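I have placed the structure first, in the form of structure tokens, so that the comments after it can refer back to it.
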Amino acid sequence: MSTPEQWEPQEGGAAYDQRSEQPVRVMAVHACGVFVRRLRDGRESITTLGELAPLERTAPAR
């Protein structure tokens, strides 16, 4: 049984921020956090690697 490859966000790439439930653009990845900008409204924020997922994953249906 093989283990799945760990996904890591890349600067300039798109991701899904699970905390804000928004698609984001990754601006910079640092040891202290990940700087992101929301694709919808351009607001910037800082999150953690654990809060980001590949953009292909979407929010669960409500």
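In the structure tokens, the first chain shown is A, the next is B, and so on; residue numbers restart at 1 for each chain, and ligands run from 1 in the order shown.
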Point to revise | Residues of region 2-53 of chain A in strand (DSSP E or B), written as a ChimeraX atom specification | key: /A:14-17,22-30,33-38,44-47,52-53
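Look at region 39-52 of chain A: the protein and nucleic acid residues within 6 Å of it, using only C-alpha atoms and passing over chain neighbours fewer than 5 places away, are Tyr16, Asp17, Gln18, Pro23, Val24, Gly33 and Val34 of chain A.
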